[in-house]
>>> print(open('protein_38.cif').read())   # mmCIF, C-alpha atoms
data_data
loop_
_atom_site.label_atom_id
_atom_site.label_comp_id
_atom_site.auth_asym_id
_atom_site.auth_seq_id
_atom_site.Cartn_x
_atom_site.Cartn_y
_atom_site.Cartn_z
CA MET A 87 0.00 0.00 0.00
CA SER A 88 1.21 3.51 -0.76
CA ALA A 89 -0.08 7.00 0.00
CA ARG A 90 -0.17 8.85 -3.30
CA PRO A 91 0.39 12.64 -3.30
CA PHE A 92 -2.82 14.38 -4.37
CA GLY A 93 -2.15 17.91 -3.21
CA GLU A 94 -3.27 18.07 0.41
CA LEU A 95 -5.57 15.05 0.18
CA GLU A 96 -4.67 11.65 1.60
CA VAL A 97 -5.19 8.95 -1.03
CA LEU A 98 -4.26 5.36 -0.26
CA ALA A 99 -3.32 3.39 -3.36
CA ARG A 100 -2.78 -0.26 -4.17
CA ALA A 101 -1.57 -1.39 -7.58
CA PRO A 102 -2.84 -4.62 -9.18
CA VAL A 103 -1.00 -7.64 -7.85
CA ARG A 104 -1.16 -9.18 -11.33
CA LYS A 105 -1.82 -7.75 -14.78
CA ALA A 106 -4.69 -5.26 -14.57
CA VAL A 107 -7.99 -6.78 -15.64
CA SER A 108 -9.39 -3.38 -16.63
CA PRO A 109 -7.91 0.03 -17.45
CA VAL A 110 -10.63 1.55 -15.25
CA PRO A 111 -9.40 2.16 -11.69
CA LEU A 112 -11.57 2.01 -8.57
CA LEU A 113 -11.97 4.99 -6.22
CA PHE A 114 -13.46 4.28 -2.78
CA ILE A 115 -15.19 7.05 -0.79
CA HIS A 116 -15.65 6.57 2.96
CA GLY A 117 -18.60 7.47 5.17
CA ALA A 118 -18.96 9.86 8.10
CA TYR A 119 -16.65 9.61 11.13
CA THR A 120 -14.02 7.55 9.28
CA GLY A 121 -11.34 7.94 6.58
CA ALA A 122 -9.61 6.07 3.77
CA TRP A 123 -8.26 3.59 6.35
CA CYS A 124 -11.60 1.73 6.48
CA TRP A 125 -11.16 0.52 2.90
CA ASP A 126 -7.54 -0.54 3.36
CA GLU A 127 -8.43 -3.07 6.04
CA HIS A 128 -9.77 -5.54 3.46
CA PHE A 129 -11.21 -4.06 0.27
CA LEU A 130 -8.15 -2.36 -1.28
CA PRO A 131 -5.91 -5.44 -1.02
CA TYR A 132 -8.75 -7.69 -2.17
CA PHE A 133 -9.50 -5.70 -5.31
CA ALA A 134 -5.81 -5.15 -6.06
CA ALA A 135 -5.34 -8.93 -5.87
CA ALA A 136 -8.27 -9.26 -8.31
CA GLY A 137 -6.43 -7.07 -10.83
CA PHE A 138 -7.77 -3.53 -10.21
CA ASP A 139 -5.86 -0.33 -9.63
CA CYS A 140 -7.38 0.85 -6.34
CA TYR A 141 -7.54 4.18 -4.53
CA ALA A 142 -9.24 5.33 -1.33
CA LEU A 143 -9.67 9.03 -0.56
CA SER A 144 -9.80 10.66 2.87
CA LEU A 145 -12.17 13.59 2.39
CA SER A 146 -11.06 17.03 3.58
CA GLY A 147 -10.85 17.18 7.37
CA HIS A 148 -10.55 13.37 7.59
CA GLY A 149 -7.58 11.08 8.09
CA ALA A 150 -4.37 12.78 6.96
CA SER A 151 -6.14 15.11 4.50
CA ARG A 152 -6.08 18.88 4.70
CA ARG A 153 -7.51 21.02 7.47
CA ARG A 154 -8.42 18.37 10.01
CA GLY A 155 -8.81 21.23 12.50
CA GLY A 156 -11.31 22.98 10.23
CA LEU A 157 -13.62 20.01 9.83
CA ASP A 158 -16.86 21.87 10.55
CA SER A 159 -16.25 24.28 7.67
CA PHE A 160 -16.59 21.51 5.08
CA SER A 161 -19.83 20.93 3.18
CA ILE A 162 -20.94 18.06 0.99
CA ASP A 163 -20.03 20.25 -2.00
CA ASP A 164 -16.49 20.49 -0.61
CA TYR A 165 -16.36 16.71 -0.45
CA VAL A 166 -17.61 16.55 -4.05
CA ARG A 167 -14.76 18.87 -5.03
CA ASP A 168 -12.33 16.50 -3.27
CA VAL A 169 -13.58 13.65 -5.46
CA SER A 170 -13.29 15.84 -8.58
CA GLU A 171 -9.71 16.73 -7.63
CA VAL A 172 -8.67 13.11 -7.27
CA VAL A 173 -10.52 11.97 -10.41
CA ALA A 174 -8.74 14.67 -12.42
CA ALA A 175 -5.36 13.45 -11.14
CA LEU A 176 -5.95 9.81 -12.09
CA PRO A 177 -4.89 8.54 -15.53
CA ARG A 178 -8.45 7.46 -16.32
CA THR A 179 -11.91 8.18 -14.92
CA PRO A 180 -12.54 5.63 -12.16
CA ALA A 181 -15.55 3.66 -11.08
CA LEU A 182 -16.77 5.03 -7.73
CA ILE A 183 -17.65 2.97 -4.66
CA GLY A 184 -19.15 4.89 -1.74
CA HIS A 185 -20.22 3.86 1.74
CA SER A 186 -22.87 5.72 3.76
CA MET A 187 -22.02 9.45 3.49
CA GLY A 188 -19.64 8.53 0.66
CA GLY A 189 -22.66 7.32 -1.31
CA MET A 190 -24.32 10.70 -0.85
CA VAL A 191 -21.13 12.43 -2.05
CA ILE A 192 -21.12 10.25 -5.16
CA GLN A 193 -24.77 11.05 -5.91
CA LYS A 194 -23.95 14.76 -5.71
CA TYR A 195 -20.84 14.22 -7.87
CA LEU A 196 -23.03 12.66 -10.58
CA GLU A 197 -24.84 15.99 -10.92
CA HIS A 198 -21.63 17.34 -12.47
CA ALA A 199 -19.79 14.40 -14.06
CA ASP A 200 -20.17 10.89 -15.41
CA VAL A 201 -18.19 7.77 -14.50
CA PRO A 202 -18.04 4.19 -15.84
CA ALA A 203 -19.90 2.65 -12.87
CA VAL A 204 -21.09 3.42 -9.33
CA ALA A 205 -21.69 1.21 -6.29
CA LEU A 206 -23.54 2.62 -3.29
CA LEU A 207 -23.03 0.57 -0.11
CA CYS A 208 -25.41 1.37 2.77
CA SER A 209 -25.65 4.84 1.26
CA VAL A 210 -27.45 7.84 2.63
CA PRO A 211 -30.58 7.96 0.43
CA PRO A 212 -31.32 10.87 -1.90
CA GLN A 213 -34.13 11.83 0.47
CA GLY A 214 -31.50 12.51 3.13
CA LEU A 215 -30.91 11.54 6.75
CA MET A 216 -34.21 12.67 8.25
CA GLY A 217 -35.79 9.22 7.98
CA SER A 218 -32.73 7.60 9.54
CA ALA A 219 -32.71 10.09 12.42
CA LEU A 220 -36.40 9.53 13.11
CA GLY A 221 -35.96 5.77 13.03
CA LEU A 222 -33.08 5.94 15.51
CA MET A 223 -35.04 8.30 17.72
CA LEU A 224 -37.89 5.80 17.94
CA ASN A 225 -35.97 2.53 18.02
CA LYS A 226 -32.46 3.25 19.34
CA PRO A 227 -32.41 6.68 21.00
CA HIS A 228 -29.21 5.85 22.92
CA LEU A 229 -27.39 5.19 19.63
CA LEU A 230 -28.61 8.49 18.17
CA GLY A 231 -27.37 10.23 21.31
CA ASN A 232 -23.95 8.63 21.02
CA LEU A 233 -23.67 9.59 17.34
CA ASN A 234 -24.49 13.16 18.31
CA GLN A 235 -21.72 12.96 20.93
CA MET A 236 -19.26 11.96 18.20
CA LEU A 237 -20.51 14.79 16.01
CA ALA A 238 -19.74 17.19 18.86
CA GLY A 239 -16.24 15.78 19.23
CA SER A 240 -16.84 13.72 22.38
CA GLN A 241 -15.74 10.13 22.83
CA PRO A 242 -18.78 7.84 23.19
CA ASP A 243 -18.79 4.35 24.63
CA PRO A 244 -16.90 1.94 22.31
CA GLU A 245 -19.93 -0.34 22.49
CA SER A 246 -21.82 2.31 20.50
CA LEU A 247 -19.38 1.77 17.64
CA ARG A 248 -20.01 -1.96 17.84
CA GLU A 249 -23.77 -1.41 17.69
CA ALA A 250 -23.57 1.17 14.89
CA LEU A 251 -21.27 -0.75 12.54
CA PHE A 252 -21.44 -4.45 13.35
CA HIS A 253 -23.98 -7.22 13.49
CA GLN A 254 -21.41 -10.01 13.36
CA PRO A 255 -18.89 -10.62 16.15
CA VAL A 256 -15.87 -8.30 16.24
CA ASP A 257 -13.03 -8.90 18.69
CA ASP A 258 -12.28 -6.27 21.28
CA ASP A 259 -8.80 -5.44 19.95
CA ALA A 260 -10.12 -4.71 16.45
CA LEU A 261 -13.04 -2.73 17.87
CA MET A 262 -10.73 -0.51 19.92
CA ARG A 263 -8.41 0.03 16.95
CA TYR A 264 -11.37 1.18 14.84
CA TYR A 265 -12.62 3.28 17.76
CA HIS A 266 -9.35 5.21 17.92
CA LEU A 267 -9.28 5.68 14.14
CA CYS A 268 -12.81 7.15 14.06
CA GLN A 269 -13.25 10.91 14.34
CA PRO A 270 -15.91 13.63 14.52
CA GLU A 271 -17.85 14.65 11.40
CA SER A 272 -18.61 18.07 9.94
CA HIS A 273 -21.82 19.55 11.34
CA ARG A 274 -22.24 21.38 8.04
CA ALA A 275 -21.99 18.19 6.00
CA VAL A 276 -24.48 16.40 8.25
CA TRP A 277 -26.99 19.24 7.87
CA ASP A 278 -26.44 19.14 4.08
CA MET A 279 -27.29 15.43 4.10
CA THR A 280 -30.29 16.00 6.32
CA LEU A 281 -31.97 18.89 4.58
CA PHE A 282 -29.95 21.57 2.80
CA ASN A 283 -28.09 19.92 -0.11
CA LEU A 284 -29.81 16.72 -1.16
CA PRO A 285 -29.18 15.09 -4.55
CA GLN A 286 -31.22 16.23 -7.54
CA PRO A 287 -31.82 13.04 -9.54
CA ALA A 288 -33.07 14.92 -12.60
CA ARG A 289 -29.62 16.51 -12.95
CA MET A 290 -27.62 13.35 -12.38
CA HIS A 291 -25.74 11.27 -14.91
CA ARG A 292 -26.89 7.66 -14.79
CA PRO A 293 -23.99 5.23 -15.12
CA PRO A 294 -24.52 1.55 -14.27
CA MET A 295 -25.32 1.55 -10.56
CA LEU A 296 -25.31 -1.13 -7.87
CA ILE A 297 -27.25 -0.33 -4.68
CA VAL A 298 -26.48 -2.49 -1.66
CA GLY A 299 -27.82 -2.54 1.89
CA THR A 300 -27.71 -4.94 4.81
CA GLU A 301 -30.35 -6.74 6.84
CA HIS A 302 -29.27 -5.39 10.23
CA ASP A 303 -28.20 -1.83 9.40
CA HIS A 304 -29.51 0.45 12.17
CA LEU A 305 -28.31 3.63 10.45
CA ILE A 306 -29.52 3.10 6.86
CA PRO A 307 -32.07 0.29 7.18
CA PRO A 308 -33.12 -1.89 4.25
CA ALA A 309 -36.32 0.08 3.59
CA GLN A 310 -34.28 3.21 2.92
CA VAL A 311 -31.90 1.32 0.64
CA ALA A 312 -34.90 0.00 -1.29
CA MET A 313 -36.21 3.56 -1.53
CA THR A 314 -32.91 4.70 -3.05
CA ALA A 315 -32.99 1.90 -5.60
CA ALA A 316 -36.60 2.59 -6.54
CA LEU A 317 -35.87 6.24 -7.20
CA TYR A 318 -33.21 5.19 -9.71
CA GLY A 319 -35.40 2.50 -11.26
CA LEU A 320 -33.36 -0.35 -9.81
CA GLU A 321 -33.69 -3.17 -7.30
CA ALA A 322 -31.64 -3.10 -4.12
CA THR A 323 -29.39 -5.95 -3.05
CA ILE A 324 -29.84 -6.58 0.68
CA ILE A 325 -27.08 -8.66 2.30
CA PRO A 326 -28.41 -10.91 5.09
CA GLY A 327 -26.74 -11.18 8.48
CA MET A 328 -24.64 -8.01 8.31
CA GLY A 329 -24.62 -4.49 9.75
CA HIS A 330 -23.69 -1.05 8.48
CA GLY A 331 -19.91 -1.50 8.36
CA VAL A 332 -19.86 -3.94 5.47
CA MET A 333 -16.17 -3.41 4.65
CA LEU A 334 -15.17 -4.27 8.24
CA GLU A 335 -17.65 -7.03 9.14
CA ARG A 336 -16.34 -10.57 9.67
CA ASP A 337 -17.89 -11.72 6.38
CA TRP A 338 -16.69 -8.68 4.41
CA GLN A 339 -15.41 -10.96 1.65
CA SER A 340 -18.92 -12.03 0.63
CA VAL A 341 -19.74 -8.38 -0.08
CA ALA A 342 -16.43 -7.86 -1.88
CA GLU A 343 -17.05 -10.94 -4.06
CA MET A 344 -20.53 -9.73 -5.01
CA LEU A 345 -19.14 -6.28 -5.84
CA LEU A 346 -16.27 -7.80 -7.83
CA ASP A 347 -18.67 -9.90 -9.90
CA TRP A 348 -20.72 -6.81 -10.71
CA LEU A 349 -17.69 -4.64 -11.50
CA THR A 350 -16.28 -7.37 -13.74
CA VAL A 351 -19.43 -7.27 -15.87
CA GLN A 352 -19.40 -3.48 -16.04
CA LEU A 353 -15.68 -2.84 -16.54
CA VAL A 354 -14.09 -6.01 -17.95
CA GLU A 355 -16.56 -8.09 -19.91
CA VAL A 356 -17.57 -5.30 -22.31
#
>>> encode(input="protein_38.cif", output="structure tokens")
Amino acid sequence: MSARPFGELEVLARAPVRKAVSPVPLLFIHGAYTGAWCWDEHFLPYFAAAGFDCYALSLSGHGASRRRGGLDSFSIDDYVRDVSEVVAALPRTPALIGHSMGGMVIQKYLEHADVPAVALLCSVPPQGLMGSALGLMLNKPHLLGNLNQMLAGSQPDPESLREALFHQPVDDDALMRYYHLCQPESHRAVWDMTLFNLPQPARMHRPPMLIVGTEHDHLIPPAQVAMTAALYGLEATIIPGMGHGVMLERDWQSVAEMLLDWLTVQLVEV
């Protein structure tokens, strides 16, 4: 793994382990409270081993990217500009894979540009976060409170991270490592995703799109994933027995294999 220089943005990169199966690279966009590191646990090495040139971006204010101390100044549009900056620096337009907030960023990016393919994993729906917040308020108010603590920069109980991201068992050492890698999120970006800067589907390019959710996602439940798919005229794929953090769950490889099969059809077998 290497950290490629993209101005002041942290971009983790993994070259294909064997001859590239497609000239189209993959660019992974993380969700709220995390950074590019979440993809490098499993997905970047897996897809590099499968023959793809892989990159994972830490959005501004996240990971080792610019202005970590100015996190609350960043909007979803700023995150879209981060993606545009990295795409422009790559040798070829990549396919985009986004998780949670990263899926919302990709939807906003498609208002301005086209890409070969898009995968949205447990993505914030185009209708925004209001439905998710109401669902948490009714069903898991303690989890909503802990997420708000993280948003404010406080350190919640590590068990809240377990509940938010995982349905499958995760050992305590891994959980604490992820806990210390997580960070606050931009208030401005969260408000954008809730109300003020939602995607405008009529303006969006429509590349081939895969929409994936999980059975036990407390943050973006299956009904919201299905709602996203329906808006784009597609059917959602709901993975049984998993939670929100699909790239970190014990059975992450089943999701990666499904995504690889789909990307192979879109980017290789054409």
>>> resolve_selection(input="protein_38.cif", expression="the PyMOL selection byres ((chain A and resi 171-185) around 7)", output="list of chain:residue names")
A:Phe92, A:Val110, A:Pro111, A:Leu112, A:Leu113, A:Phe114, A:Ile115, A:His116, A:Gly117, A:Arg167, A:Asp168, A:Val169, A:Ser170, A:Ser186, A:Met187, A:Gly188, A:Gly189, A:Ile192, A:Val201, A:Pro202, A:Ala203, A:Val204, A:Ala205, A:Leu206, A:Leu207, A:Cys208, A:Ser209
>>> closest_residue(input="protein_38.cif", among="A:Phe282, A:Tyr141, A:Trp125, A:Tyr318", to="Pro294 of chain A", atoms="all atoms listed in the file")
A:Tyr318
>>> closest_residue(input="protein_38.cif", among="A:Ala150, A:Leu296, A:Leu215, A:Ala142", to="Leu346 of chain A", atoms="only C-alpha atoms")
A:Leu296
>>> residues_around(input="protein_38.cif", residues="Val166 of chain A", least_positions_apart="6", cutoff="7 Å", atoms="only C-alpha atoms", output="PyMOL selection string")
chain A and resi 191+194-195
>>> closest_residue(input="protein_38.cif", among="A:Gln310, A:Ser159, A:Ser246, A:Asn283", to="Glu197 of chain A", atoms="all atoms listed in the file")
A:Asn283
>>> resolve_selection(input="protein_38.cif", expression="the PyMOL selection byres ((chain A and resi 107-109) around 6)", output="compact mmCIF listing (two decimals) with C-alpha atoms, in the coordinates of the input")
# COMPACT_ATOMS: atom_id res chain seq x y z
CA ALA A 106 -4.69 -5.26 -14.57
CA VAL A 110 -10.63 1.55 -15.25
CA GLY A 137 -6.43 -7.07 -10.83
CA VAL A 354 -14.09 -6.01 -17.95
>>> build_atoms(input="protein_38.cif", residues="segment 125-142 of chain A", atoms="N, CA, C and O atoms", output="PDB file, keeping the file's coordinate frame")
ATOM      1  N   TRP A 125     -11.201   1.344   4.111  1.00  0.00           N
ATOM      2  CA  TRP A 125     -11.160   0.520   2.900  1.00  0.00           C
ATOM      3  C   TRP A 125      -9.881  -0.320   2.831  1.00  0.00           C
ATOM      4  O   TRP A 125      -9.857  -1.367   2.176  1.00  0.00           O
ATOM      5  N   ASP A 126      -8.811   0.163   3.478  1.00  0.00           N
ATOM      6  CA  ASP A 126      -7.540  -0.540   3.360  1.00  0.00           C
ATOM      7  C   ASP A 126      -7.446  -1.742   4.288  1.00  0.00           C
ATOM      8  O   ASP A 126      -6.523  -2.547   4.170  1.00  0.00           O
ATOM      9  N   GLU A 127      -8.411  -1.885   5.192  1.00  0.00           N
ATOM     10  CA  GLU A 127      -8.430  -3.070   6.040  1.00  0.00           C
ATOM     11  C   GLU A 127      -8.566  -4.338   5.201  1.00  0.00           C
ATOM     12  O   GLU A 127      -7.864  -5.329   5.422  1.00  0.00           O
ATOM     13  N   HIS A 128      -9.477  -4.345   4.245  1.00  0.00           N
ATOM     14  CA  HIS A 128      -9.770  -5.540   3.460  1.00  0.00           C
ATOM     15  C   HIS A 128      -9.970  -5.260   1.973  1.00  0.00           C
ATOM     16  O   HIS A 128      -9.442  -5.976   1.126  1.00  0.00           O
ATOM     17  N   PHE A 129     -10.759  -4.228   1.652  1.00  0.00           N
ATOM     18  CA  PHE A 129     -11.210  -4.060   0.270  1.00  0.00           C
ATOM     19  C   PHE A 129     -10.087  -3.683  -0.690  1.00  0.00           C
ATOM     20  O   PHE A 129     -10.013  -4.224  -1.799  1.00  0.00           O
ATOM     21  N   LEU A 130      -9.218  -2.749  -0.341  1.00  0.00           N
ATOM     22  CA  LEU A 130      -8.150  -2.360  -1.280  1.00  0.00           C
ATOM     23  C   LEU A 130      -7.250  -3.545  -1.611  1.00  0.00           C
ATOM     24  O   LEU A 130      -6.994  -3.805  -2.794  1.00  0.00           O
ATOM     25  N   PRO A 131      -6.733  -4.285  -0.626  1.00  0.00           N
ATOM     26  CA  PRO A 131      -5.910  -5.440  -1.020  1.00  0.00           C
ATOM     27  C   PRO A 131      -6.677  -6.503  -1.789  1.00  0.00           C
ATOM     28  O   PRO A 131      -6.124  -7.130  -2.696  1.00  0.00           O
ATOM     29  N   TYR A 132      -7.954  -6.689  -1.454  1.00  0.00           N
ATOM     30  CA  TYR A 132      -8.750  -7.690  -2.170  1.00  0.00           C
ATOM     31  C   TYR A 132      -8.900  -7.323  -3.641  1.00  0.00           C
ATOM     32  O   TYR A 132      -8.686  -8.174  -4.526  1.00  0.00           O
ATOM     33  N   PHE A 133      -9.275  -6.083  -3.922  1.00  0.00           N
ATOM     34  CA  PHE A 133      -9.500  -5.700  -5.310  1.00  0.00           C
ATOM     35  C   PHE A 133      -8.197  -5.531  -6.083  1.00  0.00           C
ATOM     36  O   PHE A 133      -8.161  -5.753  -7.296  1.00  0.00           O
ATOM     37  N   ALA A 134      -7.118  -5.170  -5.396  1.00  0.00           N
ATOM     38  CA  ALA A 134      -5.810  -5.150  -6.060  1.00  0.00           C
ATOM     39  C   ALA A 134      -5.400  -6.569  -6.444  1.00  0.00           C
ATOM     40  O   ALA A 134      -4.885  -6.804  -7.549  1.00  0.00           O
ATOM     41  N   ALA A 135      -5.655  -7.533  -5.558  1.00  0.00           N
ATOM     42  CA  ALA A 135      -5.340  -8.930  -5.870  1.00  0.00           C
ATOM     43  C   ALA A 135      -6.186  -9.441  -7.034  1.00  0.00           C
ATOM     44  O   ALA A 135      -5.756 -10.328  -7.788  1.00  0.00           O
ATOM     45  N   ALA A 136      -7.392  -8.870  -7.200  1.00  0.00           N
ATOM     46  CA  ALA A 136      -8.270  -9.260  -8.310  1.00  0.00           C
ATOM     47  C   ALA A 136      -7.888  -8.584  -9.619  1.00  0.00           C
ATOM     48  O   ALA A 136      -8.491  -8.883 -10.657  1.00  0.00           O
ATOM     49  N   GLY A 137      -6.911  -7.668  -9.591  1.00  0.00           N
ATOM     50  CA  GLY A 137      -6.430  -7.070 -10.830  1.00  0.00           C
ATOM     51  C   GLY A 137      -6.884  -5.647 -11.084  1.00  0.00           C
ATOM     52  O   GLY A 137      -6.792  -5.166 -12.217  1.00  0.00           O
ATOM     53  N   PHE A 138      -7.337  -4.928 -10.042  1.00  0.00           N
ATOM     54  CA  PHE A 138      -7.770  -3.530 -10.210  1.00  0.00           C
ATOM     55  C   PHE A 138      -6.767  -2.573  -9.565  1.00  0.00           C
ATOM     56  O   PHE A 138      -6.197  -2.864  -8.511  1.00  0.00           O
ATOM     57  N   ASP A 139      -6.593  -1.440 -10.210  1.00  0.00           N
ATOM     58  CA  ASP A 139      -5.860  -0.330  -9.630  1.00  0.00           C
ATOM     59  C   ASP A 139      -6.800   0.374  -8.660  1.00  0.00           C
ATOM     60  O   ASP A 139      -7.871   0.852  -9.069  1.00  0.00           O
ATOM     61  N   CYS A 140      -6.440   0.438  -7.380  1.00  0.00           N
ATOM     62  CA  CYS A 140      -7.380   0.850  -6.340  1.00  0.00           C
ATOM     63  C   CYS A 140      -6.896   2.084  -5.582  1.00  0.00           C
ATOM     64  O   CYS A 140      -5.701   2.191  -5.241  1.00  0.00           O
ATOM     65  N   TYR A 141      -7.834   2.969  -5.286  1.00  0.00           N
ATOM     66  CA  TYR A 141      -7.540   4.180  -4.530  1.00  0.00           C
ATOM     67  C   TYR A 141      -8.642   4.407  -3.508  1.00  0.00           C
ATOM     68  O   TYR A 141      -9.816   4.111  -3.755  1.00  0.00           O
ATOM     69  N   ALA A 142      -8.262   4.947  -2.355  1.00  0.00           N
ATOM     70  CA  ALA A 142      -9.240   5.330  -1.330  1.00  0.00           C
ATOM     71  C   ALA A 142      -8.877   6.731  -0.849  1.00  0.00           C
ATOM     72  O   ALA A 142      -7.745   6.993  -0.437  1.00  0.00           O
TER      73      ALA A 142
END
